[in-house]
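A quick write-up on the structure given underneath.
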Amino acid sequence: MGSLRITAPCGGTGLVNGAFGGFEYLTQTEYPKPVGATSIDARLAVFSGKEIYFSDVLYPTSVVPDNVLFVPSEEDITAIAEHTGNLIIFTENETWLFRPSPGFIITGGNLVRLADGIGCASMTSVLKA
């Protein structure tokens, strides 16, 4: 499996003439050092600690602070995987399901813990058929 390399975002405001212009974006210092990543609905989702950072559609290094999802677990996230438009989130001992909300800010969706005591050790443990 290859390594993950993500360029830090530029930060600042969104596209001046774009549909979502005027939003403030994470700066290079605010952007995390990702532990792992996946894509979901043309967005890049990266995680670090207990947070998942969802990029703008087709702009993988542009992240609005409102599109950062906090997972209320006692453990850090170890892996994430997209499944039918949803995101499966793992810690070492828990499994969560996140159903994104439609629109620009997707973190208003539904986050539920599916299992306590069943998790995943790392991103290399996740397989997709």
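Scheme for the structure tokens: letters A, B, ... for chains in order shown; per-chain residue numbers from 1; ligand numbers from 1 in order shown.
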Would you list, as an mmCIF file with C-alpha atoms, in the first residue's frame, the residues of segment 60-128 of chain A that end up in helix (DSSP H, G or I) under DSSP run on this structure's backbone?
data_model
loop_
_atom_site.group_PDB
_atom_site.id
_atom_site.type_symbol
_atom_site.label_atom_id
_atom_site.label_comp_id
_atom_site.auth_asym_id
_atom_site.auth_seq_id
_atom_site.Cartn_x
_atom_site.Cartn_y
_atom_site.Cartn_z
ATOM 1 C CA PRO A 65 -13.784 25.040 9.937
ATOM 2 C CA ASP A 66 -17.509 24.148 9.975
ATOM 3 C CA ASN A 67 -16.619 20.980 8.010
ATOM 4 C CA MET A 123 -5.954 2.198 8.078
ATOM 5 C CA THR A 124 -4.101 -0.854 6.754
ATOM 6 C CA SER A 125 -6.721 -3.043 8.436
#
Residues near Ala81 of chain A, anyone? I mean within 9 Å using only C-alpha atoms, not counting same-chain ones fewer than 2 positions away, as an mmCIF file with C-alpha atoms, in the first residue's frame.
data_model
loop_
_atom_site.group_PDB
_atom_site.id
_atom_site.type_symbol
_atom_site.label_atom_id
_atom_site.label_comp_id
_atom_site.auth_asym_id
_atom_site.auth_seq_id
_atom_site.Cartn_x
_atom_site.Cartn_y
_atom_site.Cartn_z
ATOM 1 C CA ALA A 37 -7.725 9.633 4.527
ATOM 2 C CA THR A 38 -10.492 8.522 2.198
ATOM 3 C CA SER A 39 -12.725 10.191 -0.369
ATOM 4 C CA ILE A 40 -16.446 10.688 0.050
ATOM 5 C CA ALA A 79 -9.285 4.411 10.338
ATOM 6 C CA HIS A 83 -19.479 3.095 2.312
ATOM 7 C CA ASN A 86 -21.585 7.386 4.413
ATOM 8 C CA LEU A 87 -18.411 7.262 6.471
ATOM 9 C CA ILE A 88 -17.462 4.369 8.734
ATOM 10 C CA ILE A 89 -15.182 5.612 11.513
ATOM 11 C CA PHE A 90 -13.036 3.347 13.659
ATOM 12 C CA MET A 123 -5.954 2.198 8.078
ATOM 13 C CA VAL A 126 -9.536 -1.637 6.278
ATOM 14 C CA LEU A 127 -10.346 -3.569 3.106
ATOM 15 C CA LYS A 128 -12.857 -2.653 0.431
#
Would you return as a compact mmCIF listing (two decimals) with all heavy atoms, in the first residue's frame the members of segment 45-123 of chain A that DSSP assigns to strand (DSSP E or B) on this structure's backbone?
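Now in part_7.txt:
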# COMPACT_ATOMS: atom_id res chain seq x y z
N ALA A 45 -11.52 13.35 2.91
CA ALA A 45 -11.72 13.32 4.35
C ALA A 45 -10.43 12.82 4.98
O ALA A 45 -9.98 11.72 4.66
CB ALA A 45 -12.89 12.40 4.71
N VAL A 46 -9.82 13.63 5.82
CA VAL A 46 -8.61 13.23 6.53
C VAL A 46 -8.90 13.28 8.02
O VAL A 46 -9.77 14.02 8.48
CB VAL A 46 -7.40 14.13 6.18
CG1 VAL A 46 -7.10 14.09 4.70
CG2 VAL A 46 -7.60 15.55 6.66
N PHE A 47 -8.17 12.47 8.78
CA PHE A 47 -8.41 12.48 10.22
C PHE A 47 -7.10 12.60 10.98
O PHE A 47 -6.03 12.20 10.52
CB PHE A 47 -9.20 11.26 10.67
CG PHE A 47 -8.47 9.95 10.56
CD1 PHE A 47 -7.68 9.47 11.60
CD2 PHE A 47 -8.58 9.18 9.42
CE1 PHE A 47 -7.01 8.26 11.49
CE2 PHE A 47 -7.92 7.98 9.30
CZ PHE A 47 -7.14 7.51 10.34
N SER A 48 -7.24 13.16 12.16
CA SER A 48 -6.15 13.30 13.12
C SER A 48 -6.78 13.41 14.49
O SER A 48 -7.71 14.20 14.69
CB SER A 48 -5.34 14.56 12.80
OG SER A 48 -4.29 14.72 13.73
N GLU A 51 -10.77 14.11 15.28
CA GLU A 51 -11.43 14.98 14.32
C GLU A 51 -11.24 14.50 12.89
O GLU A 51 -10.19 13.97 12.54
CB GLU A 51 -10.89 16.41 14.44
CG GLU A 51 -11.23 17.04 15.78
CD GLU A 51 -10.67 18.43 15.93
OE1 GLU A 51 -9.51 18.66 15.55
OE2 GLU A 51 -11.42 19.29 16.45
N ILE A 52 -12.29 14.73 12.09
CA ILE A 52 -12.26 14.43 10.66
C ILE A 52 -12.47 15.74 9.92
O ILE A 52 -13.40 16.50 10.23
CB ILE A 52 -13.34 13.41 10.27
CG1 ILE A 52 -13.14 12.12 11.05
CG2 ILE A 52 -13.29 13.13 8.76
CD1 ILE A 52 -14.24 11.11 10.89
N TYR A 53 -11.61 16.01 8.96
CA TYR A 53 -11.62 17.25 8.19
C TYR A 53 -12.12 16.92 6.78
O TYR A 53 -11.49 16.15 6.07
CB TYR A 53 -10.21 17.84 8.11
CG TYR A 53 -9.64 18.21 9.46
CD1 TYR A 53 -9.20 17.23 10.35
CD2 TYR A 53 -9.54 19.53 9.84
CE1 TYR A 53 -8.68 17.56 11.59
CE2 TYR A 53 -9.03 19.89 11.09
CZ TYR A 53 -8.60 18.89 11.95
OH TYR A 53 -8.09 19.23 13.18
N PHE A 54 -13.25 17.52 6.40
CA PHE A 54 -13.84 17.30 5.08
C PHE A 54 -13.52 18.49 4.18
O PHE A 54 -13.86 19.63 4.51
CB PHE A 54 -15.36 17.14 5.18
CG PHE A 54 -15.79 15.93 5.93
CD1 PHE A 54 -16.10 16.01 7.28
CD2 PHE A 54 -15.87 14.69 5.31
CE1 PHE A 54 -16.51 14.89 7.99
CE2 PHE A 54 -16.26 13.56 6.01
CZ PHE A 54 -16.58 13.66 7.35
N ASP A 56 -13.64 20.84 0.61
CA ASP A 56 -14.64 21.25 -0.37
C ASP A 56 -14.66 20.22 -1.50
O ASP A 56 -13.66 19.54 -1.74
CB ASP A 56 -14.29 22.61 -0.97
CG ASP A 56 -14.47 23.76 0.01
OD1 ASP A 56 -14.90 23.52 1.15
OD2 ASP A 56 -14.15 24.89 -0.38
N TYR A 59 -11.79 20.21 -4.20
CA TYR A 59 -10.68 21.03 -3.71
C TYR A 59 -10.11 20.36 -2.45
O TYR A 59 -10.47 20.73 -1.33
CB TYR A 59 -11.13 22.46 -3.41
CG TYR A 59 -11.46 23.24 -4.66
CD1 TYR A 59 -12.75 23.25 -5.16
CD2 TYR A 59 -10.47 23.94 -5.34
CE1 TYR A 59 -13.05 23.96 -6.32
CE2 TYR A 59 -10.77 24.64 -6.50
CZ TYR A 59 -12.06 24.65 -6.99
OH TYR A 59 -12.34 25.34 -8.12
N VAL A 68 -15.36 20.39 9.98
CA VAL A 68 -14.52 19.55 10.83
C VAL A 68 -15.45 18.85 11.81
O VAL A 68 -16.17 19.50 12.57
CB VAL A 68 -13.44 20.37 11.57
CG1 VAL A 68 -12.62 19.47 12.49
CG2 VAL A 68 -12.54 21.10 10.58
N LEU A 69 -15.43 17.53 11.78
CA LEU A 69 -16.31 16.72 12.62
C LEU A 69 -15.54 16.18 13.82
O LEU A 69 -14.51 15.54 13.66
CB LEU A 69 -16.88 15.55 11.82
CG LEU A 69 -17.76 14.55 12.57
CD1 LEU A 69 -19.09 15.20 12.96
CD2 LEU A 69 -18.00 13.31 11.73
N PHE A 70 -16.03 16.44 15.02
CA PHE A 70 -15.46 15.89 16.24
C PHE A 70 -16.19 14.59 16.58
O PHE A 70 -17.42 14.56 16.62
CB PHE A 70 -15.60 16.87 17.41
CG PHE A 70 -15.10 16.32 18.71
CD1 PHE A 70 -13.75 16.23 18.97
CD2 PHE A 70 -15.99 15.86 19.66
CE1 PHE A 70 -13.28 15.69 20.18
CE2 PHE A 70 -15.55 15.33 20.86
CZ PHE A 70 -14.19 15.25 21.12
N ALA A 79 -9.01 4.67 11.76
CA ALA A 79 -9.28 4.41 10.34
C ALA A 79 -10.64 4.98 9.98
O ALA A 79 -11.53 5.11 10.83
CB ALA A 79 -9.25 2.91 10.05
N ILE A 80 -10.80 5.31 8.68
CA ILE A 80 -12.09 5.73 8.13
C ILE A 80 -12.26 5.06 6.78
O ILE A 80 -11.27 4.77 6.10
CB ILE A 80 -12.24 7.26 8.02
CG1 ILE A 80 -11.14 7.86 7.13
CG2 ILE A 80 -12.28 7.90 9.38
CD1 ILE A 80 -11.27 9.37 6.91
N ALA A 81 -13.51 4.83 6.40
CA ALA A 81 -13.79 4.23 5.09
C ALA A 81 -15.16 4.71 4.62
O ALA A 81 -16.12 4.76 5.39
CB ALA A 81 -13.77 2.71 5.18
N GLU A 82 -15.23 5.07 3.34
CA GLU A 82 -16.50 5.45 2.74
C GLU A 82 -17.29 4.19 2.41
O GLU A 82 -16.74 3.19 1.96
CB GLU A 82 -16.24 6.25 1.45
CG GLU A 82 -17.49 6.80 0.79
CD GLU A 82 -18.21 5.83 -0.12
OE1 GLU A 82 -17.59 4.85 -0.57
OE2 GLU A 82 -19.41 6.04 -0.37
N HIS A 83 -18.59 4.22 2.66
CA HIS A 83 -19.48 3.09 2.31
C HIS A 83 -20.84 3.67 1.94
O HIS A 83 -21.52 4.25 2.79
CB HIS A 83 -19.60 2.11 3.48
CG HIS A 83 -20.49 0.96 3.19
ND1 HIS A 83 -20.17 -0.01 2.27
CD2 HIS A 83 -21.70 0.64 3.67
CE1 HIS A 83 -21.16 -0.90 2.22
NE2 HIS A 83 -22.10 -0.51 3.06
N ASN A 86 -21.74 7.14 2.99
CA ASN A 86 -21.58 7.39 4.41
C ASN A 86 -20.13 7.13 4.79
O ASN A 86 -19.35 6.61 4.00
CB ASN A 86 -22.49 6.46 5.22
CG ASN A 86 -23.95 6.68 4.90
OD1 ASN A 86 -24.43 7.80 4.90
ND2 ASN A 86 -24.66 5.62 4.61
N LEU A 87 -19.78 7.47 6.01
CA LEU A 87 -18.41 7.26 6.47
C LEU A 87 -18.42 6.34 7.69
O LEU A 87 -19.13 6.62 8.67
CB LEU A 87 -17.78 8.61 6.84
CG LEU A 87 -16.28 8.63 7.00
CD1 LEU A 87 -15.59 8.35 5.68
CD2 LEU A 87 -15.83 9.98 7.55
N ILE A 88 -17.66 5.26 7.59
CA ILE A 88 -17.46 4.37 8.73
C ILE A 88 -16.20 4.86 9.43
O ILE A 88 -15.15 5.03 8.79
CB ILE A 88 -17.30 2.90 8.30
CG1 ILE A 88 -18.46 2.46 7.39
CG2 ILE A 88 -17.17 1.99 9.52
CD1 ILE A 88 -19.81 2.46 8.04
N ILE A 89 -16.28 5.06 10.72
CA ILE A 89 -15.18 5.61 11.51
C ILE A 89 -14.81 4.59 12.58
O ILE A 89 -15.68 4.08 13.29
CB ILE A 89 -15.61 6.93 12.18
CG1 ILE A 89 -16.11 7.92 11.12
CG2 ILE A 89 -14.47 7.52 13.01
CD1 ILE A 89 -16.91 9.08 11.69
N PHE A 90 -13.51 4.33 12.69
CA PHE A 90 -13.04 3.35 13.66
C PHE A 90 -12.08 3.98 14.66
O PHE A 90 -11.28 4.83 14.30
CB PHE A 90 -12.26 2.22 12.96
CG PHE A 90 -13.05 1.45 11.95
CD1 PHE A 90 -12.98 1.77 10.60
CD2 PHE A 90 -13.86 0.39 12.33
CE1 PHE A 90 -13.68 1.05 9.64
CE2 PHE A 90 -14.58 -0.32 11.38
CZ PHE A 90 -14.49 0.00 10.04
N GLU A 94 -14.04 0.98 18.95
CA GLU A 94 -15.38 1.45 18.61
C GLU A 94 -15.52 1.56 17.10
O GLU A 94 -14.55 1.75 16.38
CB GLU A 94 -15.64 2.84 19.20
CG GLU A 94 -15.71 2.87 20.71
CD GLU A 94 -15.82 4.30 21.22
OE1 GLU A 94 -15.04 5.16 20.79
OE2 GLU A 94 -16.71 4.53 22.06
N THR A 95 -16.79 1.47 16.66
CA THR A 95 -17.13 1.70 15.26
C THR A 95 -18.28 2.69 15.22
O THR A 95 -19.27 2.53 15.93
CB THR A 95 -17.54 0.38 14.57
OG1 THR A 95 -16.48 -0.56 14.71
CG2 THR A 95 -17.82 0.61 13.09
N TRP A 96 -18.13 3.72 14.39
CA TRP A 96 -19.11 4.78 14.26
C TRP A 96 -19.59 4.87 12.82
O TRP A 96 -18.87 4.49 11.90
CB TRP A 96 -18.49 6.13 14.64
CG TRP A 96 -18.02 6.23 16.05
CD1 TRP A 96 -16.88 5.69 16.58
CD2 TRP A 96 -18.65 6.93 17.12
NE1 TRP A 96 -16.77 6.01 17.90
CE2 TRP A 96 -17.84 6.78 18.26
CE3 TRP A 96 -19.82 7.68 17.21
CZ2 TRP A 96 -18.17 7.35 19.48
CZ3 TRP A 96 -20.15 8.25 18.43
CH2 TRP A 96 -19.33 8.08 19.56
N LEU A 97 -20.79 5.40 12.63
CA LEU A 97 -21.33 5.67 11.30
C LEU A 97 -21.69 7.15 11.22
O LEU A 97 -22.40 7.67 12.08
CB LEU A 97 -22.58 4.83 11.03
CG LEU A 97 -23.33 5.14 9.73
CD1 LEU A 97 -22.49 4.76 8.51
CD2 LEU A 97 -24.66 4.44 9.70
N PHE A 98 -21.19 7.82 10.17
CA PHE A 98 -21.53 9.22 9.94
C PHE A 98 -22.25 9.33 8.61
O PHE A 98 -21.73 8.93 7.58
CB PHE A 98 -20.27 10.10 9.93
CG PHE A 98 -20.57 11.53 9.58
CD1 PHE A 98 -21.37 12.31 10.40
CD2 PHE A 98 -20.07 12.09 8.43
CE1 PHE A 98 -21.65 13.63 10.07
CE2 PHE A 98 -20.34 13.40 8.09
CZ PHE A 98 -21.13 14.18 8.92
N ARG A 99 -23.47 9.87 8.66
CA ARG A 99 -24.27 10.15 7.46
C ARG A 99 -24.20 11.65 7.22
O ARG A 99 -24.83 12.43 7.96
CB ARG A 99 -25.71 9.71 7.67
CG ARG A 99 -25.88 8.22 7.79
CD ARG A 99 -27.37 7.87 7.93
NE ARG A 99 -27.55 6.46 8.11
CZ ARG A 99 -27.84 5.88 9.27
NH1 ARG A 99 -27.99 6.60 10.37
NH2 ARG A 99 -27.98 4.57 9.35
N ASN A 110 -25.68 12.98 10.67
CA ASN A 110 -25.97 12.11 11.80
C ASN A 110 -24.77 11.23 12.12
O ASN A 110 -24.30 10.49 11.26
CB ASN A 110 -27.19 11.25 11.43
CG ASN A 110 -27.68 10.43 12.59
OD1 ASN A 110 -27.37 10.71 13.74
ND2 ASN A 110 -28.46 9.41 12.28
N LEU A 111 -24.28 11.30 13.35
CA LEU A 111 -23.17 10.47 13.82
C LEU A 111 -23.68 9.55 14.91
O LEU A 111 -24.24 10.02 15.91
CB LEU A 111 -22.04 11.36 14.37
CG LEU A 111 -20.85 10.64 14.99
CD1 LEU A 111 -20.07 9.85 13.92
CD2 LEU A 111 -19.93 11.63 15.68
N VAL A 112 -23.55 8.24 14.72
CA VAL A 112 -23.99 7.26 15.72
C VAL A 112 -22.90 6.23 15.96
O VAL A 112 -22.17 5.86 15.05
CB VAL A 112 -25.29 6.54 15.28
CG1 VAL A 112 -26.46 7.49 15.21
CG2 VAL A 112 -25.12 5.82 13.98
N ARG A 113 -22.80 5.79 17.19
CA ARG A 113 -21.86 4.72 17.52
C ARG A 113 -22.55 3.40 17.22
O ARG A 113 -23.61 3.10 17.75
CB ARG A 113 -21.43 4.80 18.98
CG ARG A 113 -20.32 3.79 19.28
CD ARG A 113 -19.71 4.02 20.62
NE ARG A 113 -20.71 3.80 21.66
CZ ARG A 113 -20.46 3.89 22.95
NH1 ARG A 113 -19.26 4.22 23.37
NH2 ARG A 113 -21.40 3.67 23.82
N LEU A 114 -21.93 2.62 16.35
CA LEU A 114 -22.49 1.32 15.97
C LEU A 114 -22.08 0.20 16.92
O LEU A 114 -22.84 -0.72 17.15
CB LEU A 114 -22.04 0.94 14.55
CG LEU A 114 -22.50 1.83 13.41
CD1 LEU A 114 -21.92 1.32 12.10
CD2 LEU A 114 -24.01 1.89 13.35
N ALA A 115 -20.84 0.25 17.40
CA ALA A 115 -20.35 -0.85 18.22
C ALA A 115 -19.34 -0.35 19.24
O ALA A 115 -18.50 0.49 18.95
CB ALA A 115 -19.70 -1.91 17.34
N ASP A 116 -19.45 -0.89 20.44
CA ASP A 116 -18.48 -0.64 21.50
C ASP A 116 -17.77 -1.96 21.74
O ASP A 116 -18.42 -2.99 21.96
CB ASP A 116 -19.20 -0.16 22.76
CG ASP A 116 -18.24 0.29 23.83
OD1 ASP A 116 -17.05 0.47 23.54
OD2 ASP A 116 -18.70 0.47 24.98
For Lys50 of chain A, work out the shell of residues within 6 Å, counting only C-alpha atoms and skipping chain neighbours fewer than 5 positions away, then give it as a PyMOL selection string. chain A and resi 70-71+76-77
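Nearest residue to Glu75 of chain A among A:Ile106, A:Val57, A:Leu26, A:Ala121 is A:Ala121, counting only C-alpha atoms.
Atom CA of Leu44 of chain A is found 13.3 Å from atom CA of Pro32 of chain A.
Closest to Cys120 of chain A among A:Phe104, A:Thr27, A:Leu58, A:Glu92 is A:Glu92, based on only C-alpha atoms.
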Between atom CA of Gly85 of chain A and atom CA of Phe23 of chain A lies a distance of 24.7 Å
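Between atom CA of Ser101 of chain A and atom CA of Gly117 of chain A the interatomic distance comes to 27.3 Å.
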